[in-house]
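Novice: Quick one: structure below, then a few questions.
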There are 4 protein chains.
Amino acid sequence: MAKKIRIGLLGGGRIGKLHGANLQNAVPDAEVVVLADPFLNDAMEDWAKSVGIPKCTKNADEVFADPDVDAVFICSSTNTHAEFIMKAAAAGKDIFCEKPIHTDIAKIKEALAAVEKAGVKLQVGFVRRFDKSHKAVHDVVASGKLGKPYVIKVTSRDPEGPPMSYVEVSGGIFKDMMIHDFDMVRYLSGSDVTEVNAVGTVLTNPDYAKYNDVDTAIVTLKFANGAIGVIDNCRTAPYGYDQRVEVHCEKGCAQDNNNLIDEAFVSTADGVVSAKPTWFFLERYNDAFIAEEKDFIDAVINDKEVPVNGDDGLQPVRIAIAAGKSLAEGRPVKLSEIEG
Amino acid sequence: MAKKIRIGLLGGGRIGKLHGANLQNAVPDAEVVVLADPFLNDAMEDWAKSVGIPKCTKNADEVFADPDVDAVFICSSTNTHAEFIMKAAAAGKDIFCEKPIHTDIAKIKEALAAVEKAGVKLQVGFVRRFDKSHKAVHDVVASGKLGKPYVIKVTSRDPEGPPMSYVEVSGGIFKDMMIHDFDMVRYLSGSDVTEVNAVGTVLTNPDYAKYNDVDTAIVTLKFANGAIGVIDNCRTAPYGYDQRVEVHCEKGCAQDNNNLIDEAFVSTADGVVSAKPTWFFLERYNDAFIAEEKDFIDAVINDKEVPVNGDDGLQPVRIAIAAGKSLAEGRPVKLSEIEG
Amino acid sequence: MAKKIRIGLLGGGRIGKLHGANLQNAVPDAEVVVLADPFLNDAMEDWAKSVGIPKCTKNADEVFADPDVDAVFICSSTNTHAEFIMKAAAAGKDIFCEKPIHTDIAKIKEALAAVEKAGVKLQVGFVRRFDKSHKAVHDVVASGKLGKPYVIKVTSRDPEGPPMSYVEVSGGIFKDMMIHDFDMVRYLSGSDVTEVNAVGTVLTNPDYAKYNDVDTAIVTLKFANGAIGVIDNCRTAPYGYDQRVEVHCEKGCAQDNNNLIDEAFVSTADGVVSAKPTWFFLERYNDAFIAEEKDFIDAVINDKEVPVNGDDGLQPVRIAIAAGKSLAEGRPVKLSEIEG
Amino acid sequence: MAKKIRIGLLGGGRIGKLHGANLQNAVPDAEVVVLADPFLNDAMEDWAKSVGIPKCTKNADEVFADPDVDAVFICSSTNTHAEFIMKAAAAGKDIFCEKPIHTDIAKIKEALAAVEKAGVKLQVGFVRRFDKSHKAVHDVVASGKLGKPYVIKVTSRDPEGPPMSYVEVSGGIFKDMMIHDFDMVRYLSGSDVTEVNAVGTVLTNPDYAKYNDVDTAIVTLKFANGAIGVIDNCRTAPYGYDQRVEVHCEKGCAQDNNNLIDEAFVSTADGVVSAKPTWFFLERYNDAFIAEEKDFIDAVINDKEVPVNGDDGLQPVRIAIAAGKSLAEGRPVKLSEIEG
């Protein structure tokens with residue numbers, strides 16, 4: 001049995017627990033050896049015990065200093081990501097970091113420079129790239145079988161909106177929600193975005209307006225390879241998590257349907273009723289999280305390139321900033337107008 | 001047996017023959033009594049005979065003067081539509097006119113004024129409203145069961161591009177192709193468009209650029225009722241005619257899939273292969289044409305409102321002009337900037 | 001314009017009107033020149049006039065004697081089919097005959113012998129072979145691409161049961177309903193049935209038992225080419241006409257789904273609701289009837305083999321008799337036990 | 001944290017490892033404390049260590065004697081199942097036993113009597129009942145919303161046949177493959193089978209004949225509640241694992257489609273290609289195994305009835321024997337002819 005990659009888990013909240021449990025139960029070549037969280041409490045320690053994490057601490061610096069830690073999973077609050085990346089890099093540890101690295105371009109660049117200098121690996125947590133259906137669409141486009149991509153489309157709707165306490169600090173729909181789709185269109189097109197044009201409005205709950213945010217938005221995009229695209233987002237969809245992508249190309253169109261809760265259907269005089277899409281990202285992207293973690297561990301063990309690198313972490317933030325500017329100013333915004 | 005509505009068919013080209021044959025074979029309450037076409041020849045007369053049209057002429061004025069004609073179907077070249085509407089109205093005949101009425105707003109308004117003054121009926125040929133699937137989406141939205149509409153989406157792709165001789169005179173993608181979708185979003189949203197924002201490019205064939213046209217375009221839209229929307233068009237889709245609509249609402253989402261050639265599918269080691277969408281508008285919208293014709297005849301016989309009126313003929317032209325302006329000027333264009 | 005095949009239509013009931021209207025409106029190379037029906041009345045004459053049939057009579061013999069009739073469509077009551085076939089054959093007219101030719105094997109054979117002797121064409125009205133989806137399944141199997149057929153399956157359910165007055169005289173579920181499926185399995189397998197084994201019961205309405213009939217039945221089949229198969233029938237299906245076929249082969253499986261009323265679907269918190277299958281055979285097999293008629297006319301004009309010949313009319317009756325015997329005697333019945 | 005149910009795992013082969021890993025990683029209220037396998041070797045001990053099983057032995061009796069074992073999972077070879085059930089029952093341990101309990105009715109009854117006497121729980125491993133789609137079909141039928149069940153249908157095809165070494169000892173297609181479907185029809189119909197009628201043949205590989213087995217079979221069934229049904233099996237399906245169920249009822253029809261590998265599809269001039277069904281039972285029923293294990297643990301902890309009891313283990317064996325007899329004797333066989 002080969003040596004496992006020893007992981008320091010930074011953050012024991014929802015996403016930290018998700019990664020932690022997966023690493024312990026579903027990623028054979030990894031083991032979490034320590035959990036660090038400033039809000040560590042009995043419940044969190046119980047959880048750590050239940051999944052076999054032997055050590056807990058409130059102090060992340062212990063993790064960076066620990067010679068028995070090969071790599072870190074940064075699942076702490078967003079404002080700590082860049083700092084933790086720099087500390088992990090300085091300690092020579094490979095890094096998996098949840099998105100976004102930061103909402104400020106300069107901070108991201110500083111962190112990426114530290115990673116570059118240290119020569120460690122950094123993978124950013126854009127998990128949707130690891131969804132089997134999205135990946136199958138990507139793969140057929142990337143294979144060239146369909147010829148040149150013409151139009152890239154992504155639809156993304158959450159089942160229900162976040163609490164307003166989150167909206168207040170999230171940076172708005174482009175940074176907290178559509179950022180996944182900005183990554184997805186880069187992934188699907190194999191190209192960078194050069195210009196965006198946003199419309200957006202408040203339809204589901206007037207409170208969004210208080211925080212200068214919108215709940216429904218459509219952004220058109222131009223790509224460096226000549227393709228054009230569009231993303232539509234809505235913060236509510238009572239039928240579940242709506243996640244569809246489509247790439248129309250020279251020789252055909254690749255797209256996907258939602259994952260449904262099950263494949264049963266019932267035909268009666270009232271129509272044919274089938275199951276709804278899975279409810280939210282934990283159901284839809286459960287397997288994708290495991291694939292993402294395995295790919296990172298594989299990159300570390302076998303010294304491969306990570307599948308989502310630092311620049312992939314940077315660019316969606318720039319596109320999100322451009323989209324926000326476009327919405328605010330009512331005009332197309334070129335990416336060249338945004339620092340980066 | 002009730003008296004049939006006697007139709008004068010103006011134009012014996014592709015679309016004229018389509019309406020003529022349907023009226024003779026599939027619309028029991030109508031009969032075509034005369035065909036007028038300036039290019040009348042033996043083949044066209046043979047066709048008329050084969051579908052039981054008893055009289056042919058090169059002179060449309062004979063039709064307007066004929067007391068045995070109750071209503072006309074204007075299927076002649078676009079530049080004659082407005083003039084024929086005015087002549088038919090002056091003669092007191094009800095009018096079905098293929099889209100567009102004209103590409104010039106002032107001419108359309110002149111024609112509509114003549115119709116108004118004469119008190120005759122005018123139905124404009126936006127046939128897609130009569131497609132069973134699009135209509136089912138419209139109907140559930142219009143019923144109010146899904147609450148407020150949030151996002152209106154239309155995808156429309158032709159199987160193959162038109163000849164460049166057509167592109168040269170068609171007025172461009174917004175007037176010759178997306179105009180159907182501009183009508184569709186008004187139909188689906190139950191609201192008027194207030195602003196558009198276009199991106200477009202030449203990807204399928206560089207020749208489009210010679211005529212200052214594009215072959216791939218995406219237009220975002222704002223509606224008077226607060227909804228937003230997006231239309232994407234491409235002039236080629238080697239898998240067939242791609243025609244899908246979607247309305248995301250407060251309580252759910254209504255959408256449709258393409259009609260397929262058949263419902264067979266074959267599962268092998270290579271995957272599951274099913275039939276392609278029907279090839280083009282004649283296959284996809286065949287039943288819709290008949291439904292459209294029946295509705296017009298029903299409106300005439302029973303003095304009902306026509307389902308697609310003069311203003312429905314005018315507005316898509318205004319939106320198309322706004323979209324062209326948006327693309328040319330690289331900025332959002334309000335409909336209030338366009339005459340109308 | 002080539003000369004049209006002149007049709008004498010025998011029978012002006014539901015199926016006669018269907019064929020008559022199609023021949024007039026949708027089959028360019030045919031024209032119905034006379035309708036004969038012993039129950040001819042004003043309404044039937046009005047109908048004939050409305051579809052352009054110039055002559056009506058109560059006496060079928062006038063049709064057989066008419067030198068201006070090239071071919072007949074036998075759409076009269078079942079008990080007249082064999083007799084009319086013999087008279088038409090004697091008169092040298094080609095014959096399209098609705099199924100079944102007769103419910104008695106000896107009578108069928110007598111009719112087929114008359115056809116053989118006269119050298120006229122006889123096509124039997126198993127319309128489902130002309131359905132686009134069933135045909136696509138057949139075609140891929142017949143192409144050999146999937147290798148040897150292993151299992152042939154047909155599901156057939158009517159939306160609602162027939163009136164008991166029909167059940168009383170129809171000959172039972174195997175002769176009045178499953179007979180279509182007995183033809184279908186021969187068509188799909190490209191082979192003859194050698195043995196059947198039936199189970200059946202009364203579940204939808206106890207009145208079927210009064211007529212010694214069942215409303216729900218499953219029949220397994222063995223084929224001469226080694227394949228096995230199964231047909232399930234039910235006389236009621238409140239969601240519409242359920243018509244599905246499946247052929248599992250060495251290298252894959254070909255099957256089809258039902259035609260739906262439309263392709264729209266609505267996603268809400270209650271599930272995803274799509275349209276039901278089309279309601280009954282007129283909706284489902286409308287296009288198939290036209291294809292069937294065109295193929296017959298084409299065979300007549302171009303002296304081709306008809307796609308469904310006399311033996312194809314005979315064999316399903318033999319299988320139906322065998323199935324009835326199997327159900328009655330509670331044992332497998334070989335086709336060799338049945339006259340034929 | 002509540003006390004976990006301590007499991008003794010009997011058998012470390014494919015299915016034992018599957019249950020063992022799931023119990024350790026995916027069933028929070030269970031922990032495997034010992035593995036017993038007569039063929040225990042280093043690789044098996046390594047596996048045990050990797051999933052955190054602290055103890056291994058070659059001697060199953062140590063497990064029955066161990067006071068720290070609350071329940072056993074019997075995953076050993078079929079011929080040991082009944083004996084292990086009796087030993088576990090005698091030791092007062094709750095029992096999960098893989099199917100079948102035995103292929104001999106008398107042995108099964110002896111084991112069930114021991115369970116009854118000891119008052120322990122026994123759950124039999126018919127895992128397909130826990131598949132989300134099959135369960136959704138079951139649930140809507142069991143709810144009574146669709147009225148009386150009329151026709152129960154199950155299609156089951158393996159992607160590829162088993163090795164002939166397995167065929168030699170498996171007891172034949174009805175006992176090694178269709179037994180799952182015999183359980184499924186009991187589950188779906190909520191009723192017992194009263195009569196079966198089998199056809200079967202050798203089509204995929206002539207070697208099956210050497211072992212007096214078939215590779216393709218169709219069995220019709222009568223149920224105590226009046227419904228009828230049919231199961232079709234084939235040992236090969238190159239497109240993957242084909243697992244579909246259907247219950248046609250008074251007021252509608254509930255059915256399911258296969259799980260596909262992903263939800264992507266590609267439309268080109270050659271057709272629309274989507275993903276195949278998942279390859280085999282580990283992919284298709286992975287989540288079902290976890291649900292099955294959780295339900296057993298829940299029944300133990302909360303003293304509930306197990307979802308699949310001893311009689312559910314017995315009846316499918318009786319039906320399999322009846323089906324074998326029907327095939328051999330070429331006649332319908334009543335279940336009352338079979339010991340039980």
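By convention in this document, the chains of the structure tokens carry letters A, B, ... by their order, each chain's residues are numbered from 1, and ligands are numbered from 1 in the order they are shown.
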Determine, counting only C-alpha atoms, which protein, DNA and RNA residues have an atom within 7 Å of an atom of range 59-72 of chain C; residues of the same chain fewer than 3 positions away are not included. Present the result as an NGL selection string.
Specialist: :C and (5-10 or 36-38 or 87-88 or 91 or 93-96)
Novice: Please produce an output containing N, CA and C atoms for each residue in the selection, written as a PDB file, in the first residue's frame.
Specialist:
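The resulting file, selection-v3.pdb, is shown below:
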```pdb
ATOM      1  N   ILE C   5     -54.476   7.017 -60.560  1.00  0.00           N
ATOM      2  CA  ILE C   5     -55.166   5.746 -60.339  1.00  0.00           C
ATOM      3  C   ILE C   5     -56.570   6.065 -59.838  1.00  0.00           C
ATOM      4  N   ARG C   6     -57.558   5.476 -60.511  1.00  0.00           N
ATOM      5  CA  ARG C   6     -58.952   5.769 -60.164  1.00  0.00           C
ATOM      6  C   ARG C   6     -59.483   4.714 -59.194  1.00  0.00           C
ATOM      7  N   ILE C   7     -59.918   5.223 -58.067  1.00  0.00           N
ATOM      8  CA  ILE C   7     -60.263   4.337 -56.953  1.00  0.00           C
ATOM      9  C   ILE C   7     -61.770   4.235 -56.777  1.00  0.00           C
ATOM     10  N   GLY C   8     -62.231   3.016 -56.572  1.00  0.00           N
ATOM     11  CA  GLY C   8     -63.589   2.802 -56.076  1.00  0.00           C
ATOM     12  C   GLY C   8     -63.521   2.520 -54.596  1.00  0.00           C
ATOM     13  N   LEU C   9     -64.198   3.358 -53.826  1.00  0.00           N
ATOM     14  CA  LEU C   9     -64.133   3.230 -52.368  1.00  0.00           C
ATOM     15  C   LEU C   9     -65.337   2.430 -51.890  1.00  0.00           C
ATOM     16  N   LEU C  10     -65.074   1.299 -51.268  1.00  0.00           N
ATOM     17  CA  LEU C  10     -66.163   0.431 -50.797  1.00  0.00           C
ATOM     18  C   LEU C  10     -66.306   0.602 -49.295  1.00  0.00           C
ATOM     19  N   ALA C  36     -69.167   3.405 -52.823  1.00  0.00           N
ATOM     20  CA  ALA C  36     -70.309   2.487 -52.707  1.00  0.00           C
ATOM     21  C   ALA C  36     -70.505   2.102 -51.256  1.00  0.00           C
ATOM     22  N   ASP C  37     -71.733   2.255 -50.776  1.00  0.00           N
ATOM     23  CA  ASP C  37     -72.048   1.857 -49.400  1.00  0.00           C
ATOM     24  C   ASP C  37     -73.521   1.516 -49.330  1.00  0.00           C
ATOM     25  N   PRO C  38     -73.863   0.358 -48.806  1.00  0.00           N
ATOM     26  CA  PRO C  38     -75.280  -0.032 -48.766  1.00  0.00           C
ATOM     27  C   PRO C  38     -76.114   0.890 -47.871  1.00  0.00           C
ATOM     28  N   LYS C  87     -64.667 -10.612 -55.918  1.00  0.00           N
ATOM     29  CA  LYS C  87     -65.332  -9.895 -57.018  1.00  0.00           C
ATOM     30  C   LYS C  87     -64.371  -8.908 -57.702  1.00  0.00           C
ATOM     31  N   ALA C  88     -63.592  -8.212 -56.893  1.00  0.00           N
ATOM     32  CA  ALA C  88     -62.657  -7.248 -57.477  1.00  0.00           C
ATOM     33  C   ALA C  88     -61.604  -7.980 -58.316  1.00  0.00           C
ATOM     34  N   ALA C  91     -62.863  -8.968 -61.507  1.00  0.00           N
ATOM     35  CA  ALA C  91     -62.995  -7.820 -62.414  1.00  0.00           C
ATOM     36  C   ALA C  91     -61.629  -7.256 -62.808  1.00  0.00           C
ATOM     37  N   LYS C  93     -59.349  -5.845 -60.934  1.00  0.00           N
ATOM     38  CA  LYS C  93     -58.973  -4.599 -60.256  1.00  0.00           C
ATOM     39  C   LYS C  93     -58.006  -4.874 -59.107  1.00  0.00           C
ATOM     40  N   ASP C  94     -57.029  -3.970 -58.952  1.00  0.00           N
ATOM     41  CA  ASP C  94     -56.121  -4.092 -57.810  1.00  0.00           C
ATOM     42  C   ASP C  94     -56.878  -3.746 -56.533  1.00  0.00           C
ATOM     43  N   ILE C  95     -56.381  -4.311 -55.417  1.00  0.00           N
ATOM     44  CA  ILE C  95     -57.178  -4.291 -54.195  1.00  0.00           C
ATOM     45  C   ILE C  95     -56.363  -3.852 -52.989  1.00  0.00           C
ATOM     46  N   PHE C  96     -56.900  -2.860 -52.288  1.00  0.00           N
ATOM     47  CA  PHE C  96     -56.437  -2.562 -50.943  1.00  0.00           C
ATOM     48  C   PHE C  96     -57.561  -3.005 -50.021  1.00  0.00           C
TER      49      PHE C  96
END
```
Novice: Quick check: residues of chain D within 8 Å of chain C, only C-alpha atoms, returned as a list in words.
Specialist: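 Those within range of chain C come out as Tyr150, Val151, Val199, Gly200, Thr201, Leu203, Thr204, Thr216, Ala217, Ile218, Thr220, Gly226, Ala227, Ile228, Gly229, Val230, Thr236, Ala237, Pro238, Tyr239, Glu250, Lys251, Gly252, Cys253, Gly330, Arg331 and Pro332 of chain D.
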Novice: Would you give me, as a ChimeraX atom specification, the residues in range 20-113 of chain D that DSSP reads as helix (DSSP H, G or I)?
Specialist: /D:20-25,42-50,60-65,78-90,105-113
Novice: DSSP on the backbone: which residues in range 83-214 of chain B end up as strand (DSSP E or B)? Give the answer as a ChimeraX atom specification.
Specialist: /B:94-97,122-124,149-157,193-201
Novice: If you measure from CA of Glu292 in chain C to CA of Cys97 in chain C, what distance in Å do you get, rounded to one decimal?
Specialist: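 If I compute the distance from CA of Glu292 in chain C to CA of Cys97 in chain C, I get 11.5 Å.
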Novice: Set the distance at 8 Å and use only C-alpha atoms: which residues neighbour Val124 in chain A once local chain neighbours fewer than 3 positions away are removed? I'd like the list as a CSV table (one decimal) with N, CA and C atoms, in the first residue's frame.
Specialist:
```
chain,number,residue,atom,x,y,z
A,96,PHE,N,-5.0,22.9,-2.2
A,96,PHE,CA,-6.3,22.9,-2.9
A,96,PHE,C,-7.1,24.1,-2.2
A,97,CYS,N,-7.5,25.0,-3.0
A,97,CYS,CA,-8.2,26.2,-2.4
A,97,CYS,C,-9.6,26.3,-3.0
A,98,GLU,N,-10.6,26.4,-2.1
A,98,GLU,CA,-12.0,26.7,-2.5
A,98,GLU,C,-12.0,28.1,-3.3
A,99,LYS,N,-13.0,28.2,-4.2
A,99,LYS,CA,-13.1,29.4,-4.9
A,99,LYS,C,-13.9,30.4,-4.0
A,100,PRO,N,-13.8,31.7,-4.2
A,100,PRO,CA,-12.7,32.4,-5.0
A,100,PRO,C,-11.5,32.5,-4.1
A,101,ILE,N,-10.3,32.7,-4.8
A,101,ILE,CA,-9.1,33.0,-4.1
A,101,ILE,C,-9.2,34.3,-3.3
A,308,VAL,N,-7.2,22.6,-12.6
A,308,VAL,CA,-7.8,24.0,-12.5
A,308,VAL,C,-6.7,24.8,-11.8
A,309,ASN,N,-6.0,25.6,-12.5
A,309,ASN,CA,-4.8,26.3,-11.9
A,309,ASN,C,-5.1,27.7,-11.4
A,310,GLY,N,-4.0,28.4,-11.0
A,310,GLY,CA,-4.2,29.7,-10.5
A,310,GLY,C,-4.8,30.7,-11.4
A,312,ASP,N,-6.9,30.0,-13.7
A,312,ASP,CA,-8.3,29.7,-13.8
A,312,ASP,C,-9.0,30.2,-12.6
A,313,GLY,N,-8.3,30.4,-11.5
A,313,GLY,CA,-8.9,31.1,-10.3
A,313,GLY,C,-9.0,32.6,-10.5
```
Novice: Can you measure CA of Asp295 in chain D to CA of Phe265 in chain A for me? One decimal in Å is fine.
Specialist: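 The value is 24.6 Å.
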Novice: Between CA of Gly125 in chain A and CA of Leu146 in chain A, measure the distance and give it in Å to one decimal.
Specialist: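 That distance, rounded to one decimal, is 28.4 Å.
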Novice: Give me the residues near Ile173 in chain A as a PDB file with N, CA, C and O atoms, in the first residue's frame, where near means some atom within 7 Å (using only C-alpha atoms) and where sequence neighbours in that chain fewer than 2 positions away do not count.
Specialist:
```pdb
ATOM      1  N   LYS A 175     -20.220  37.658  -8.567  1.00  0.00           N
ATOM      2  CA  LYS A 175     -19.098  37.093  -7.808  1.00  0.00           C
ATOM      3  C   LYS A 175     -19.489  35.880  -6.980  1.00  0.00           C
ATOM      4  O   LYS A 175     -18.656  35.030  -6.697  1.00  0.00           O
ATOM      5  N   ASP A 176     -20.754  35.813  -6.561  1.00  0.00           N
ATOM      6  CA  ASP A 176     -21.081  34.693  -5.671  1.00  0.00           C
ATOM      7  C   ASP A 176     -21.775  33.537  -6.395  1.00  0.00           C
ATOM      8  O   ASP A 176     -21.790  32.418  -5.902  1.00  0.00           O
ATOM      9  N   MET A 177     -22.328  33.807  -7.566  1.00  0.00           N
ATOM     10  CA  MET A 177     -23.081  32.743  -8.238  1.00  0.00           C
ATOM     11  C   MET A 177     -22.598  32.528  -9.677  1.00  0.00           C
ATOM     12  O   MET A 177     -22.196  31.451 -10.055  1.00  0.00           O
ATOM     13  N   MET A 178     -22.630  33.592 -10.480  1.00  0.00           N
ATOM     14  CA  MET A 178     -22.273  33.427 -11.891  1.00  0.00           C
ATOM     15  C   MET A 178     -20.782  33.144 -12.080  1.00  0.00           C
ATOM     16  O   MET A 178     -20.358  32.716 -13.160  1.00  0.00           O
ATOM     17  N   ASP A 213     -27.805  44.554  -5.283  1.00  0.00           N
ATOM     18  CA  ASP A 213     -27.601  43.311  -6.009  1.00  0.00           C
ATOM     19  C   ASP A 213     -28.848  43.016  -6.865  1.00  0.00           C
ATOM     20  O   ASP A 213     -29.872  43.684  -6.749  1.00  0.00           O
ATOM     21  N   VAL A 214     -28.735  42.057  -7.755  1.00  0.00           N
ATOM     22  CA  VAL A 214     -29.862  41.579  -8.560  1.00  0.00           C
ATOM     23  C   VAL A 214     -30.024  40.078  -8.313  1.00  0.00           C
ATOM     24  O   VAL A 214     -29.122  39.414  -7.792  1.00  0.00           O
ATOM     25  N   ASP A 215     -31.185  39.551  -8.672  1.00  0.00           N
ATOM     26  CA  ASP A 215     -31.408  38.113  -8.477  1.00  0.00           C
ATOM     27  C   ASP A 215     -31.552  37.355  -9.789  1.00  0.00           C
ATOM     28  O   ASP A 215     -31.595  36.123  -9.802  1.00  0.00           O
TER      29      ASP A 215
END
```
